$ cat data00.txt   # compact mmCIF, C-alpha atoms
# COMPACT_ATOMS: atom_id res chain seq x y z
CA MET Z 1 18.13 19.49 11.84
CA PRO Z 2 16.26 16.43 10.51
CA LYS Z 3 17.35 15.15 7.12
CA SER Z 4 13.95 15.84 5.61
CA GLU Z 5 14.22 19.62 6.16
CA THR Z 6 16.43 21.93 4.15
CA PRO Z 7 18.25 24.59 6.18
CA SER Z 8 16.48 27.31 4.21
CA ALA Z 9 12.98 25.93 4.85
CA PRO Z 10 12.95 25.04 8.56
CA PHE Z 11 9.15 25.25 8.72
CA SER Z 12 8.26 22.99 5.80
CA TYR Z 13 7.64 19.89 8.02
CA ASP Z 14 8.10 17.54 5.07
CA GLY Z 15 7.81 14.53 7.38
CA LEU Z 16 4.10 15.18 7.99
CA ASP Z 17 2.95 12.29 5.77
CA ARG Z 18 -0.39 13.29 4.23
CA VAL Z 19 -1.84 9.78 4.53
CA ILE Z 20 -1.36 9.94 8.29
CA HIS Z 21 -1.94 13.68 8.87
CA GLU Z 22 -5.71 13.60 8.21
CA LYS Z 23 -7.60 14.29 11.45
CA ALA Z 24 -9.84 11.18 11.51
CA ARG Z 25 -6.95 8.93 10.49
CA LEU Z 26 -4.83 10.27 13.36
CA GLY Z 27 -7.55 9.10 15.75
CA LEU Z 28 -7.75 5.71 14.05
CA LEU Z 29 -3.99 5.17 14.19
CA THR Z 30 -3.82 6.20 17.85
CA SER Z 31 -6.69 3.80 18.72
CA LEU Z 32 -4.99 0.95 16.86
CA MET Z 33 -1.63 1.75 18.44
CA ALA Z 34 -3.34 1.31 21.83
CA HIS Z 35 -4.75 -2.09 20.75
CA PRO Z 36 -1.94 -4.00 19.03
CA LYS Z 37 -4.06 -7.16 18.75
CA GLY Z 38 -6.63 -5.28 16.70
CA LEU Z 39 -10.05 -3.72 17.15
CA ALA Z 40 -13.50 -4.57 15.81
CA PHE Z 41 -14.98 -2.13 13.29
CA ALA Z 42 -17.75 -1.22 15.75
CA ASP Z 43 -15.28 -0.43 18.55
CA LEU Z 44 -13.09 1.73 16.29
CA LYS Z 45 -16.16 3.58 15.11
CA GLN Z 46 -17.14 4.41 18.67
CA LEU Z 47 -13.64 5.32 19.90
CA CYS Z 48 -13.13 7.75 17.00
CA GLY Z 49 -16.69 9.10 16.80
CA LEU Z 50 -17.00 8.25 13.08
CA THR Z 51 -19.90 7.14 10.90
CA ASP Z 52 -19.79 3.76 9.11
CA GLY Z 53 -19.11 5.50 5.80
CA ASN Z 54 -16.30 7.70 7.08
CA LEU Z 55 -14.63 4.85 8.95
CA SER Z 56 -14.74 2.60 5.83
CA ARG Z 57 -13.32 5.33 3.64
CA HIS Z 58 -10.41 6.16 5.97
CA LEU Z 59 -9.62 2.49 6.65
CA GLN Z 60 -9.40 1.94 2.91
CA VAL Z 61 -6.84 4.75 2.55
CA LEU Z 62 -4.77 3.33 5.43
CA GLN Z 63 -5.06 -0.21 4.07
CA GLU Z 64 -3.98 0.82 0.55
CA ALA Z 65 -0.95 2.56 2.07
CA GLY Z 66 -0.06 -0.65 3.91
CA LEU Z 67 -0.48 0.89 7.35
CA VAL Z 68 -3.49 -1.12 8.48
CA GLU Z 69 -4.75 -4.69 7.92
CA VAL Z 70 -8.48 -5.26 7.66
CA THR Z 71 -9.78 -8.82 8.18
CA LYS Z 72 -13.35 -9.68 7.25
CA GLY Z 73 -14.82 -12.81 8.75
CA TYR Z 74 -17.71 -14.11 10.83
CA GLU Z 75 -18.42 -14.38 14.52
CA GLY Z 76 -21.10 -17.04 14.65
CA ASN Z 77 -23.44 -16.03 11.85
CA ARG Z 78 -22.67 -12.31 11.97
CA PRO Z 79 -20.10 -10.60 9.77
CA HIS Z 80 -17.18 -9.32 11.81
CA THR Z 81 -14.53 -6.88 10.58
CA SER Z 82 -11.31 -6.53 12.52
CA CYS Z 83 -8.55 -3.94 12.01
CA ARG Z 84 -4.95 -3.81 13.17
CA LEU Z 85 -1.86 -1.72 12.64
CA THR Z 86 0.83 -3.36 10.49
CA ARG Z 87 4.50 -3.31 11.47
CA THR Z 88 5.05 -0.69 8.74
CA GLY Z 89 2.08 1.29 10.03
CA ARG Z 90 3.49 1.39 13.54
CA ARG Z 91 6.93 2.50 12.31
CA ARG Z 92 5.55 5.19 9.99
CA PHE Z 93 3.18 6.52 12.65
CA LEU Z 94 6.07 6.77 15.14
CA ASP Z 95 8.19 8.58 12.50
CA TYR Z 96 5.31 10.98 11.89
CA LEU Z 97 4.92 11.61 15.63
CA VAL Z 98 8.56 12.66 15.90
CA VAL Z 99 7.91 15.45 13.36
CA LEU Z 100 4.64 16.39 15.07
CA GLU Z 101 6.39 16.64 18.42
CA ARG Z 102 9.01 18.91 16.84
CA LEU Z 103 6.26 21.14 15.45
CA VAL Z 104 4.67 21.48 18.90
CA ARG Z 105 8.09 22.33 20.35
CA ASP Z 106 8.88 24.85 17.57
CA ALA Z 107 5.52 26.55 18.02
CA ALA Z 108 5.88 26.70 21.81
CA ARG Z 109 9.33 28.22 21.38
CA ALA Z 110 7.92 30.67 18.80
CA ALA Z 111 5.23 31.68 21.28
CA GLY Z 112 8.01 32.46 23.75
CA LYS Z 113 6.70 29.84 26.13
CA GLU Z 114 9.24 27.10 25.72
CA GLY Z 115 9.10 24.58 28.51
CA ALA Z 116 5.66 25.69 29.68
CA PRO Z 117 2.88 23.10 29.41
CA LEU Z 118 0.78 24.04 26.39
CA ALA Z 119 -2.44 23.30 28.24
CA ARG Z 120 -1.54 26.30 30.38
CA LEU Z 121 -0.55 28.35 27.34
CA GLY Z 122 -3.98 27.79 25.82
CA MET Z 123 -5.59 29.14 28.95
CA LEU Z 124 -3.24 32.10 29.08
CA ALA Z 125 -4.03 32.97 25.49
CA THR Z 126 -7.78 33.34 26.05
CA MET F 1 -11.09 15.07 29.48
CA PRO F 2 -11.34 18.22 27.33
CA LYS F 3 -14.81 19.62 26.78
CA SER F 4 -14.66 19.02 23.05
CA GLU F 5 -14.38 15.23 23.43
CA THR F 6 -17.25 12.95 24.40
CA PRO F 7 -16.32 10.18 26.85
CA SER F 8 -17.35 7.55 24.28
CA ALA F 9 -15.11 8.96 21.51
CA PRO F 10 -11.80 9.71 23.23
CA PHE F 11 -9.91 9.57 19.93
CA SER F 12 -12.05 11.95 17.87
CA TYR F 13 -9.73 14.98 18.45
CA ASP F 14 -12.50 17.43 17.59
CA GLY F 15 -10.24 20.35 18.50
CA LEU F 16 -8.00 19.78 15.47
CA ASP F 17 -9.40 22.76 13.54
CA ARG F 18 -9.26 21.90 9.82
CA VAL F 19 -8.25 25.42 8.80
CA ILE F 20 -5.12 25.11 10.95
CA HIS F 21 -4.42 21.37 10.57
CA GLU F 22 -3.29 21.55 6.92
CA LYS F 23 0.45 20.79 6.72
CA ALA F 24 1.60 23.95 4.86
CA ARG F 25 -0.59 26.19 7.04
CA LEU F 26 0.95 24.68 10.20
CA GLY F 27 4.35 25.83 8.93
CA LEU F 28 3.01 29.29 8.09
CA LEU F 29 1.42 29.74 11.50
CA THR F 30 4.57 28.57 13.29
CA SER F 31 6.71 30.99 11.24
CA LEU F 32 4.34 33.87 11.98
CA MET F 33 4.19 32.94 15.67
CA ALA F 34 7.98 33.30 15.71
CA HIS F 35 7.75 36.76 14.09
CA PRO F 36 4.97 38.67 15.87
CA LYS F 37 5.77 41.88 13.98
CA GLY F 38 5.09 40.13 10.68
CA LEU F 39 7.02 38.65 7.79
CA ALA F 40 7.45 39.61 4.14
CA PHE F 41 5.83 37.30 1.59
CA ALA F 42 9.28 36.34 0.22
CA ASP F 43 10.61 35.40 3.67
CA LEU F 44 7.55 33.30 4.51
CA LYS F 45 7.87 31.55 1.17
CA GLN F 46 11.46 30.60 1.90
CA LEU F 47 10.93 29.58 5.54
CA CYS F 48 8.07 27.26 4.58
CA GLY F 49 9.49 25.98 1.29
CA LEU F 50 6.36 26.97 -0.66
CA THR F 51 5.78 28.22 -4.21
CA ASP F 52 4.20 31.66 -4.81
CA GLY F 53 0.92 30.01 -5.80
CA ASN F 54 0.72 27.71 -2.79
CA LEU F 55 1.66 30.45 -0.36
CA SER F 56 -0.99 32.81 -1.80
CA ARG F 57 -3.67 30.15 -1.63
CA HIS F 58 -2.95 29.17 1.98
CA LEU F 59 -2.62 32.80 3.12
CA GLN F 60 -6.03 33.48 1.63
CA VAL F 61 -7.59 30.63 3.63
CA LEU F 62 -5.96 31.90 6.84
CA GLN F 63 -6.95 35.49 6.08
CA GLU F 64 -10.59 34.57 5.39
CA ALA F 65 -10.68 32.70 8.71
CA GLY F 66 -9.39 35.83 10.48
CA LEU F 67 -6.17 34.16 11.64
CA VAL F 68 -3.74 36.21 9.53
CA GLU F 69 -3.60 39.83 8.30
CA VAL F 70 -2.08 40.48 4.89
CA THR F 71 -0.94 44.03 4.10
CA LYS F 72 -0.09 45.02 0.54
CA GLY F 73 2.00 48.11 0.02
CA TYR F 74 5.19 49.40 -1.54
CA GLU F 75 8.81 49.52 -0.48
CA GLY F 76 10.21 52.23 -2.70
CA ASN F 77 8.79 51.37 -6.11
CA ARG F 78 8.48 47.64 -5.49
CA PRO F 79 5.28 45.95 -4.29
CA HIS F 80 5.72 44.55 -0.78
CA THR F 81 3.34 42.12 0.92
CA SER F 82 3.56 41.62 4.65
CA CYS F 83 1.78 39.01 6.77
CA ARG F 84 1.16 38.76 10.48
CA LEU F 85 -0.78 36.62 12.93
CA THR F 86 -3.89 38.27 14.38
CA ARG F 87 -4.71 38.10 18.08
CA THR F 88 -7.45 35.57 17.25
CA GLY F 89 -4.98 33.62 15.12
CA ARG F 90 -2.52 33.35 17.98
CA ARG F 91 -5.21 32.24 20.42
CA ARG F 92 -6.69 29.64 18.04
CA PHE F 93 -3.28 28.28 17.11
CA LEU F 94 -2.39 27.87 20.80
CA ASP F 95 -5.75 26.12 21.42
CA TYR F 96 -5.03 23.81 18.49
CA LEU F 97 -1.55 23.05 19.84
CA VAL F 98 -2.99 21.91 23.17
CA VAL F 99 -5.01 19.23 21.31
CA LEU F 100 -2.01 18.31 19.16
CA GLU F 101 0.15 17.89 22.25
CA ARG F 102 -2.51 15.62 23.77
CA LEU F 103 -2.52 13.52 20.59
CA VAL F 104 1.27 13.07 20.75
CA ARG F 105 0.96 12.09 24.43
CA ASP F 106 -1.94 9.66 23.76
CA ALA F 107 -0.02 8.02 20.93
CA ALA F 108 3.18 7.73 22.97
CA ARG F 109 1.18 6.14 25.78
CA ALA F 110 -0.52 3.81 23.27
CA ALA F 111 2.91 2.78 21.97
CA GLY F 112 3.81 1.84 25.53
CA LYS F 113 6.61 4.41 25.55
CA GLU F 114 5.12 7.13 27.70
CA GLY F 115 7.72 9.56 28.94
CA ALA F 116 10.33 8.47 26.39
CA PRO F 117 11.43 11.11 23.88
CA LEU F 118 9.67 10.33 20.60
CA ALA F 119 12.81 11.04 18.59
CA ARG F 120 14.24 7.96 20.27
CA LEU F 121 11.01 6.01 19.71
CA GLY F 122 11.21 6.65 16.00
CA MET F 123 14.72 5.26 15.91
CA LEU F 124 13.73 2.27 18.02
CA ALA F 125 10.86 1.49 15.67
CA THR F 126 13.06 1.06 12.60

$ encode --input "data00.txt" --output "structure tokens"
Amino acid sequence: MPKSETPSAPFSYDGLDRVIHEKARLGLLTSLMAHPKGLAFADLKQLCGLTDGNLSRHLQVLQEAGLVEVTKGYEGNRPHTSCRLTRTGRRRFLDYLVVLERLVRDAARAAGKEGAPLARLGMLAT
Amino acid sequence: MPKSETPSAPFSYDGLDRVIHEKARLGLLTSLMAHPKGLAFADLKQLCGLTDGNLSRHLQVLQEAGLVEVTKGYEGNRPHTSCRLTRTGRRRFLDYLVVLERLVRDAARAAGKEGAPLARLGMLAT
């Protein structure tokens, strides 16, 4: 049992860090994990299907938590914003994913379908 | 690519239903999935490490969304509240889990560690 869980509360999933667990931020972190050298604001926006306002807001939360670095500069005459995952961000996202993977496994076991691919479970459940 | 994602926004994870995606509610749904005949309020509270107030609030959200049934009655002279997953709740939670599993897989691939157990990844990242 992971250290973060007490034996009496096996389904508390304390490791699901709220800064990371927000749906749009999960997409941002996954995109940035896939591009360790960083991504332009416009590319992130497209990959995650976000508006300018939403992307700015979520990047600010991630930046304040030290998970993401945002660099504002110019490319020629045009402003250019670039974003990358910090070393801390990568570590904390990987830690989070360990808990998330456990949750998926717990739920599959609870559904009595342990070991079955969930994509198939979803189809069976309809 | 799942129907809910557009090719241009592969990291939008539209299927992460906000009613389900909340951390405490994920624990509740997993607990109830493991106990298809239902659980007493007090047992759910302990399994998920929640206070009375938090448990009531999250159960109400799940009940209003049709995912959970809450039955209030008596056991002897004492009030007894019992909760169970509805058929819709089970199906929607399984659908959600398919998207969550894809996210874990995408992120593991992005980290360049596809196929490796994430529990090991987390340790490697520290």

$ interface_residues --input "data00.txt" --of "chain Z" --to "chain F" --cutoff "6 Å" --atoms "all atoms listed in the file" --output "mmCIF file with C-alpha atoms, in the frame of the given file"
data_model
loop_
_atom_site.group_PDB
_atom_site.id
_atom_site.type_symbol
_atom_site.label_atom_id
_atom_site.label_comp_id
_atom_site.auth_asym_id
_atom_site.auth_seq_id
_atom_site.Cartn_x
_atom_site.Cartn_y
_atom_site.Cartn_z
ATOM 1 C CA ALA Z 9 12.980 25.930 4.850
ATOM 2 C CA PRO Z 10 12.950 25.040 8.560
ATOM 3 C CA PHE Z 11 9.150 25.250 8.720
ATOM 4 C CA SER Z 12 8.260 22.990 5.800
ATOM 5 C CA GLY Z 27 -7.550 9.100 15.750
ATOM 6 C CA THR Z 30 -3.820 6.200 17.850
ATOM 7 C CA MET Z 33 -1.630 1.750 18.440
ATOM 8 C CA ALA Z 34 -3.340 1.310 21.830
ATOM 9 C CA GLN Z 46 -17.140 4.410 18.670
ATOM 10 C CA LEU Z 47 -13.640 5.320 19.900
ATOM 11 C CA CYS Z 48 -13.130 7.750 17.000
ATOM 12 C CA GLY Z 49 -16.690 9.100 16.800
ATOM 13 C CA ARG Z 91 6.930 2.500 12.310
ATOM 14 C CA LEU Z 94 6.070 6.770 15.140
ATOM 15 C CA ASP Z 95 8.190 8.580 12.500
ATOM 16 C CA VAL Z 98 8.560 12.660 15.900
ATOM 17 C CA ALA Z 107 5.520 26.550 18.020
ATOM 18 C CA ALA Z 110 7.920 30.670 18.800
ATOM 19 C CA ALA Z 111 5.230 31.680 21.280
ATOM 20 C CA LEU Z 118 0.780 24.040 26.390
ATOM 21 C CA ALA Z 119 -2.440 23.300 28.240
ATOM 22 C CA GLY Z 122 -3.980 27.790 25.820
ATOM 23 C CA ALA Z 125 -4.030 32.970 25.490
#

$ calpha_fit_and_write --input "data00.txt" --fixed "chain Z" --moving "chain F" --output "CSV table (one decimal) with C-alpha atoms, in the coordinates of the input"
chain,number,residue,atom,x,y,z
F,1,MET,CA,18.1,19.4,11.9
F,2,PRO,CA,16.2,16.4,10.5
F,3,LYS,CA,17.3,15.1,7.1
F,4,SER,CA,13.9,15.8,5.6
F,5,GLU,CA,14.2,19.6,6.2
F,6,THR,CA,16.4,21.9,4.1
F,7,PRO,CA,18.2,24.5,6.2
F,8,SER,CA,16.5,27.3,4.2
F,9,ALA,CA,13.0,25.9,4.9
F,10,PRO,CA,12.9,25.0,8.6
F,11,PHE,CA,9.2,25.3,8.7
F,12,SER,CA,8.3,23.0,5.8
F,13,TYR,CA,7.6,19.9,8.0
F,14,ASP,CA,8.1,17.5,5.1
F,15,GLY,CA,7.8,14.5,7.4
F,16,LEU,CA,4.1,15.2,8.0
F,17,ASP,CA,3.0,12.3,5.8
F,18,ARG,CA,-0.4,13.3,4.2
F,19,VAL,CA,-1.8,9.8,4.5
F,20,ILE,CA,-1.4,9.9,8.3
F,21,HIS,CA,-1.9,13.7,8.9
F,22,GLU,CA,-5.7,13.6,8.2
F,23,LYS,CA,-7.6,14.3,11.5
F,24,ALA,CA,-9.8,11.2,11.5
F,25,ARG,CA,-6.9,8.9,10.5
F,26,LEU,CA,-4.8,10.3,13.4
F,27,GLY,CA,-7.5,9.1,15.8
F,28,LEU,CA,-7.7,5.7,14.1
F,29,LEU,CA,-4.0,5.2,14.2
F,30,THR,CA,-3.8,6.2,17.8
F,31,SER,CA,-6.7,3.8,18.7
F,32,LEU,CA,-5.0,0.9,16.8
F,33,MET,CA,-1.6,1.7,18.4
F,34,ALA,CA,-3.3,1.3,21.8
F,35,HIS,CA,-4.7,-2.1,20.7
F,36,PRO,CA,-1.9,-4.0,19.0
F,37,LYS,CA,-4.0,-7.2,18.7
F,38,GLY,CA,-6.6,-5.3,16.7
F,39,LEU,CA,-10.0,-3.7,17.1
F,40,ALA,CA,-13.5,-4.6,15.8
F,41,PHE,CA,-15.0,-2.1,13.3
F,42,ALA,CA,-17.7,-1.2,15.8
F,43,ASP,CA,-15.3,-0.4,18.6
F,44,LEU,CA,-13.1,1.7,16.3
F,45,LYS,CA,-16.1,3.6,15.1
F,46,GLN,CA,-17.1,4.4,18.7
F,47,LEU,CA,-13.6,5.3,19.9
F,48,CYS,CA,-13.1,7.7,17.0
F,49,GLY,CA,-16.7,9.1,16.8
F,50,LEU,CA,-17.0,8.2,13.1
F,51,THR,CA,-19.9,7.1,10.9
F,52,ASP,CA,-19.8,3.8,9.1
F,53,GLY,CA,-19.1,5.5,5.8
F,54,ASN,CA,-16.3,7.7,7.1
F,55,LEU,CA,-14.6,4.9,8.9
F,56,SER,CA,-14.7,2.6,5.8
F,57,ARG,CA,-13.3,5.3,3.6
F,58,HIS,CA,-10.4,6.2,6.0
F,59,LEU,CA,-9.6,2.5,6.6
F,60,GLN,CA,-9.4,1.9,2.9
F,61,VAL,CA,-6.8,4.8,2.5
F,62,LEU,CA,-4.8,3.3,5.4
F,63,GLN,CA,-5.1,-0.2,4.1
F,64,GLU,CA,-4.0,0.8,0.5
F,65,ALA,CA,-1.0,2.6,2.1
F,66,GLY,CA,0.0,-0.7,3.9
F,67,LEU,CA,-0.5,0.9,7.3
F,68,VAL,CA,-3.5,-1.1,8.5
F,69,GLU,CA,-4.7,-4.7,7.9
F,70,VAL,CA,-8.5,-5.3,7.7
F,71,THR,CA,-9.8,-8.8,8.2
F,72,LYS,CA,-13.3,-9.7,7.3
F,73,GLY,CA,-14.8,-12.8,8.8
F,74,TYR,CA,-17.7,-14.1,10.8
F,75,GLU,CA,-18.4,-14.3,14.5
F,76,GLY,CA,-21.1,-17.0,14.7
F,77,ASN,CA,-23.5,-16.0,11.9
F,78,ARG,CA,-22.7,-12.3,12.0
F,79,PRO,CA,-20.1,-10.6,9.8
F,80,HIS,CA,-17.2,-9.3,11.8
F,81,THR,CA,-14.5,-6.9,10.6
F,82,SER,CA,-11.3,-6.5,12.5
F,83,CYS,CA,-8.5,-3.9,12.0
F,84,ARG,CA,-5.0,-3.8,13.2
F,85,LEU,CA,-1.8,-1.7,12.6
F,86,THR,CA,0.8,-3.4,10.5
F,87,ARG,CA,4.5,-3.3,11.5
F,88,THR,CA,5.1,-0.7,8.7
F,89,GLY,CA,2.1,1.3,10.0
F,90,ARG,CA,3.5,1.4,13.5
F,91,ARG,CA,6.9,2.5,12.3
F,92,ARG,CA,5.6,5.2,10.0
F,93,PHE,CA,3.2,6.5,12.6
F,94,LEU,CA,6.1,6.8,15.1
F,95,ASP,CA,8.2,8.6,12.5
F,96,TYR,CA,5.3,11.0,11.9
F,97,LEU,CA,4.9,11.6,15.6
F,98,VAL,CA,8.6,12.7,15.9
F,99,VAL,CA,7.9,15.4,13.4
F,100,LEU,CA,4.7,16.4,15.1
F,101,GLU,CA,6.4,16.6,18.4
F,102,ARG,CA,9.0,18.9,16.8
F,103,LEU,CA,6.3,21.1,15.4
F,104,VAL,CA,4.7,21.5,18.9
F,105,ARG,CA,8.1,22.3,20.4
F,106,ASP,CA,8.9,24.9,17.6
F,107,ALA,CA,5.5,26.5,18.0
F,108,ALA,CA,5.9,26.7,21.8
F,109,ARG,CA,9.3,28.2,21.4
F,110,ALA,CA,7.9,30.7,18.8
F,111,ALA,CA,5.2,31.7,21.3
F,112,GLY,CA,8.0,32.5,23.8
F,113,LYS,CA,6.7,29.8,26.2
F,114,GLU,CA,9.2,27.1,25.7
F,115,GLY,CA,9.1,24.5,28.5
F,116,ALA,CA,5.6,25.7,29.7
F,117,PRO,CA,2.8,23.1,29.4
F,118,LEU,CA,0.7,24.0,26.4
F,119,ALA,CA,-2.5,23.3,28.2
F,120,ARG,CA,-1.6,26.3,30.4
F,121,LEU,CA,-0.6,28.4,27.3
F,122,GLY,CA,-4.0,27.8,25.8
F,123,MET,CA,-5.6,29.2,28.9
F,124,LEU,CA,-3.2,32.1,29.1
F,125,ALA,CA,-4.0,33.0,25.5
F,126,THR,CA,-7.7,33.5,26.1

$ atom_distance --input "data00.txt" --atom1 "atom CA of Val19 of chain F" --atom2 "atom CA of Gln63 of chain F"
10.5 Å

$ atom_distance --input "data00.txt" --atom1 "atom CA of Arg57 of chain F" --atom2 "atom CA of Arg57 of chain Z"
27.1 Å

$ atom_distance --input "data00.txt" --atom1 "atom CA of Ile20 of chain Z" --atom2 "atom CA of Asn54 of chain F"
21.0 Å

$ residues_near_point --input "data00.txt" --point "(-10.8, 34.5, 8.6)" --cutoff "12 Å" --atoms "all atoms listed in the file" --output "JSON, numbers by chain"
{"F": [19, 20, 58, 59, 60, 61, 62, 63, 64, 65, 66, 67, 68, 69, 70, 85, 86, 87, 88, 89, 92]}

$ build_atoms --input "data00.txt" --residues "segment 98-110 of chain F" --atoms "N, CA, C and O atoms" --output "PDB file, in the frame of the given file"
ATOM      1  N   VAL F  98      -2.686  22.680  21.960  1.00  0.00           N
ATOM      2  CA  VAL F  98      -2.990  21.910  23.170  1.00  0.00           C
ATOM      3  C   VAL F  98      -3.546  20.538  22.780  1.00  0.00           C
ATOM      4  O   VAL F  98      -3.171  19.504  23.355  1.00  0.00           O
ATOM      5  N   VAL F  99      -4.427  20.503  21.771  1.00  0.00           N
ATOM      6  CA  VAL F  99      -5.010  19.230  21.310  1.00  0.00           C
ATOM      7  C   VAL F  99      -3.926  18.379  20.645  1.00  0.00           C
ATOM      8  O   VAL F  99      -3.843  17.168  20.860  1.00  0.00           O
ATOM      9  N   LEU F 100      -3.074  19.036  19.853  1.00  0.00           N
ATOM     10  CA  LEU F 100      -2.010  18.310  19.160  1.00  0.00           C
ATOM     11  C   LEU F 100      -1.051  17.677  20.164  1.00  0.00           C
ATOM     12  O   LEU F 100      -0.617  16.532  20.001  1.00  0.00           O
ATOM     13  N   GLU F 101      -0.745  18.423  21.221  1.00  0.00           N
ATOM     14  CA  GLU F 101       0.150  17.890  22.250  1.00  0.00           C
ATOM     15  C   GLU F 101      -0.488  16.686  22.944  1.00  0.00           C
ATOM     16  O   GLU F 101       0.181  15.702  23.253  1.00  0.00           O
ATOM     17  N   ARG F 102      -1.808  16.752  23.148  1.00  0.00           N
ATOM     18  CA  ARG F 102      -2.510  15.620  23.770  1.00  0.00           C
ATOM     19  C   ARG F 102      -2.444  14.401  22.853  1.00  0.00           C
ATOM     20  O   ARG F 102      -2.251  13.271  23.300  1.00  0.00           O
ATOM     21  N   LEU F 103      -2.602  14.625  21.545  1.00  0.00           N
ATOM     22  CA  LEU F 103      -2.520  13.520  20.590  1.00  0.00           C
ATOM     23  C   LEU F 103      -1.156  12.832  20.653  1.00  0.00           C
ATOM     24  O   LEU F 103      -1.052  11.607  20.700  1.00  0.00           O
ATOM     25  N   VAL F 104      -0.090  13.644  20.669  1.00  0.00           N
ATOM     26  CA  VAL F 104       1.270  13.070  20.750  1.00  0.00           C
ATOM     27  C   VAL F 104       1.407  12.256  22.037  1.00  0.00           C
ATOM     28  O   VAL F 104       1.947  11.153  22.040  1.00  0.00           O
ATOM     29  N   ARG F 105       0.866  12.787  23.136  1.00  0.00           N
ATOM     30  CA  ARG F 105       0.960  12.090  24.430  1.00  0.00           C
ATOM     31  C   ARG F 105       0.156  10.792  24.403  1.00  0.00           C
ATOM     32  O   ARG F 105       0.626   9.745  24.843  1.00  0.00           O
ATOM     33  N   ASP F 106      -1.084  10.866  23.859  1.00  0.00           N
ATOM     34  CA  ASP F 106      -1.940   9.660  23.760  1.00  0.00           C
ATOM     35  C   ASP F 106      -1.239   8.578  22.952  1.00  0.00           C
ATOM     36  O   ASP F 106      -1.262   7.401  23.312  1.00  0.00           O
ATOM     37  N   ALA F 107      -0.641   8.997  21.821  1.00  0.00           N
ATOM     38  CA  ALA F 107      -0.020   8.020  20.930  1.00  0.00           C
ATOM     39  C   ALA F 107       1.224   7.420  21.564  1.00  0.00           C
ATOM     40  O   ALA F 107       1.484   6.225  21.445  1.00  0.00           O
ATOM     41  N   ALA F 108       1.996   8.246  22.287  1.00  0.00           N
ATOM     42  CA  ALA F 108       3.180   7.730  22.970  1.00  0.00           C
ATOM     43  C   ALA F 108       2.771   6.733  24.048  1.00  0.00           C
ATOM     44  O   ALA F 108       3.385   5.678  24.213  1.00  0.00           O
ATOM     45  N   ARG F 109       1.694   7.047  24.751  1.00  0.00           N
ATOM     46  CA  ARG F 109       1.180   6.140  25.780  1.00  0.00           C
ATOM     47  C   ARG F 109       0.706   4.845  25.122  1.00  0.00           C
ATOM     48  O   ARG F 109       0.966   3.747  25.607  1.00  0.00           O
ATOM     49  N   ALA F 110       0.000   4.983  23.987  1.00  0.00           N
ATOM     50  CA  ALA F 110      -0.520   3.810  23.270  1.00  0.00           C
ATOM     51  C   ALA F 110       0.616   2.918  22.795  1.00  0.00           C
ATOM     52  O   ALA F 110       0.494   1.696  22.756  1.00  0.00           O
TER      53      ALA F 110
END
